[in-house]
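So the structure is just underneath, and the comments pick up after that.
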Protein chains: 2
Amino acid sequence: MIRIIGFDADDTLWRNEDIFEHAHARYRALLARYHPAAEVDRVLFATEMRNLGLYGYGVKGFTLSCVETAVELSQGRITGREIAEIIATGREMLSHPVELLAGVAEVVPQLARDYRLLLITKGDLQHQERKIAASGLAGHFHAVEIVSEKDGPAYDRIRQRHALSWAEFAMVGNSLKSDILPVLRLGGAGVHVPYHLTWQHEHVEEVPLDQPRFRRVERLADLPAVVAGL
Amino acid sequence: MIRIIGFDADDTLWRNEDIFEHAHARYRALLARYHPAAEVDRVLFATEMRNLGLYGYGVKGFTLSCVETAVELSQGRITGREIAEIIATGREMLSHPVELLAGVAEVVPQLARDYRLLLITKGDLQHQERKIAASGLAGHFHAVEIVSEKDGPAYDRIRQRHALSWAEFAMVGNSLKSDILPVLRLGGAGVHVPYHLTWQHEHVEEVPLDQPRFRRVERLADLPAVVAGL
């Protein structure tokens with residue numbers, strides 16, 4: 001019997017990966033005179049992965065990796081104007097309006113009447129807080145947990161902090177890797193809400209279809225019925 | 001009677017502003033062929049303040065502001081090699097070893113025996129977590145609170161989360177603006193531990209010497225006696 005629902009934020013409640021995709025497209029165009037798009041993508045992703053332990057998730061680390069990669073791919077020939085455009089793209093990403101996904105504005109208030117809701121997100125503290133404030137949804141959540149990595153230890157700290165049991169907890173999100181698999185492993189329930197874009201780093205092959213506490217919904221509107229059946 | 005002590009981290013438990021000072025010196029040297037040091041400092045600080053709402057505190061936002069300012073001050077003539085040096089400085093700041101300040105290694109474990117300790121810091125989530133882990137002090141703290149701004153509402157959220165009363169709470173830190181004044185205003189106690197460097201943004205004229213719950217210690221070794229007398 002579920003009593004507490006954890007919600008992921010980026011690409012579960014509001015658009016995020018689209019904003020990164022748009023930034024990637026601008027970046028490829030900016031570096032097109034140095035390298036083909038596939039090579040730009042490959043080297044940028046390698047830089048991001050190498051920097052992840054140092055920068056963590058979020059737009060600021062992404063922007064720094066874009067600057068670093070631009071110097072590398074241009075062999076130092078990148079211009080000040082081009083660097084300024086990368087910085088400007090990062091600023092636009094950080095100030096992009098929050099666009100709720102379909103069904104969120106109805107389903108979150110509805111679930112908040114019957115369940116205790118937690119918002120559990122990773123990434124940049126300041127940016128996530130601003131998005132939560134701008135979403136208009138903050139009042140429906142009992143607490144907001146912004147963590148540096150969504151793994152087993154992080155979920156277990158949240159469990160302790162809120163004195164919850166795994167039997168009564170369901171996590172809802174678009175990332176199998178960050179939202180679903182660690183919670184299932186701990187004994188919680190996981191409801192996957194796929195998004196049309198998945199960042200390469202979040203991609204996993206494993207879909208836990210044989211797990212009794214795993215569900216998948218195609219539309220958020222179906223979430224209340226699915227959670228009630230868990 | 002104090003039962004819970006909140007500790008600031010940067011420049012209270014370990015060196016931080018020295019690392020920024022060193023980065024500023026390298027930045028001035030890098031831009032010396034474009035502008036005198038005072039002008040570099042002035043424009044960089046203005047950029048940082050303009051970006052604070054978007055980037056928040058921390059090394060990543062500082063590095064992005066350094067890149068932006070370099071393009072501006074060089075009128076776009078900054079080279080790829082110079083941009084790479086700014087990025088490298090940021091990386092070194094993020095991976096700099098944690099150096100505990102005098103007395104910390106003795107006083108924190110001593111106080112942890114008699115009080116519940118909270119670590120309350122602002123800035124970059126990922127970087128602060130890594131510094132706390134590297135400090136070797138994490139085990140002495142009941143909880144770690146990383147916030148985007150240390151103001152009245154942030155301290156009040158911490159009070160609620162830990163079910164504490166202002167009468168039993170003392171905050172210890174080097175910043176009057178972020179560590180002491182907001183807590184005194186709420187009714188808590190504040191113990192100022194001055195550091196030899198203060199970031200311009202944290203500077204305040206007001207020293208609350210007339211507040212009955214304000215104390216100042218010059219050496220952290222004096223903290224246990226001062227807290228016991230509060």
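By order of appearance in the structure tokens: chains A, B, ..., then residues from 1 within every chain, and ligands from 1 in the order shown.
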request  = Up to 10 Å from chain A, what residues of chain B turn up? Count only C-alpha atoms and give them as a PyMOL selection string.
outcome  = chain B and resi 51-57+59-61+63-65+67-72+74-88+90-92+94-95+122-127+129-130+143+146-149+161-162
query = Hey, what's within 12 Å of Asp179 (chain A) if we count only C-alpha atoms and toss same-chain stuff fewer than 4 positions away? As a VMD selection string, please?
reply = chain A and resid 5 to 12 119 to 122 149 to 152 154 to 155 170 to 175 183 to 186 188 to 194 202 to 204 214
message = When you look at Gly103 (chain B) with a cut-off of 8 Å (counting only C-alpha atoms), what residues show up, excluding the ones that are within fewer than 6 positions of it in the same chain? I need them as a list in words.
response =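 My list of contacting residues is Arg219, Leu220 and Ala221 of chain B.
Between Phe169 (chain B) and the candidates B:Val217, B:Leu181, B:Leu230, B:Ala102, the tightest atom-to-atom separation, counting only C-alpha atoms, involves B:Leu230.
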ask   = So what do you get for CA of Ala105 (chain A) versus CA of Lys131 (chain A), distance-wise?
value =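 If I compute the distance from CA of Ala105 (chain A) to CA of Lys131 (chain A), I get 14.7 Å.
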key: Computed interatomic separation between CA of Arg42 (chain A) and CA of Asn16 (chain A) (Å)   =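 Spanning CA of Arg42 (chain A) to CA of Asn16 (chain A) is a straight-line distance of 20.7 Å.
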ask   = If you measure from CA of Phe62 (chain B) to CA of Glu218 (chain B), what distance in Å do you get, rounded to one decimal?
value =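 CA of Phe62 (chain B) sits 29.4 Å away from CA of Glu218 (chain B).
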message = If you run DSSP on the backbone here, which positions in region 52-123 of chain A get alpha helix (DSSP H)? Please write them as a PyMOL selection string.
response = chain A and resi 52-55+59-73+80-94+104-114
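Near Leu197 (chain B), within a cut-off of 8 Å and counting only C-alpha atoms, sit the residues Glu17, Asp18, Tyr195 and Trp199 of chain B, with same-chain residues fewer than 2 positions away left out.
Between Pro97 (chain B) and the candidates B:His22, B:Arg213, B:Arg3, B:Arg15, the tightest atom-to-atom separation, counting only C-alpha atoms, involves B:Arg15.
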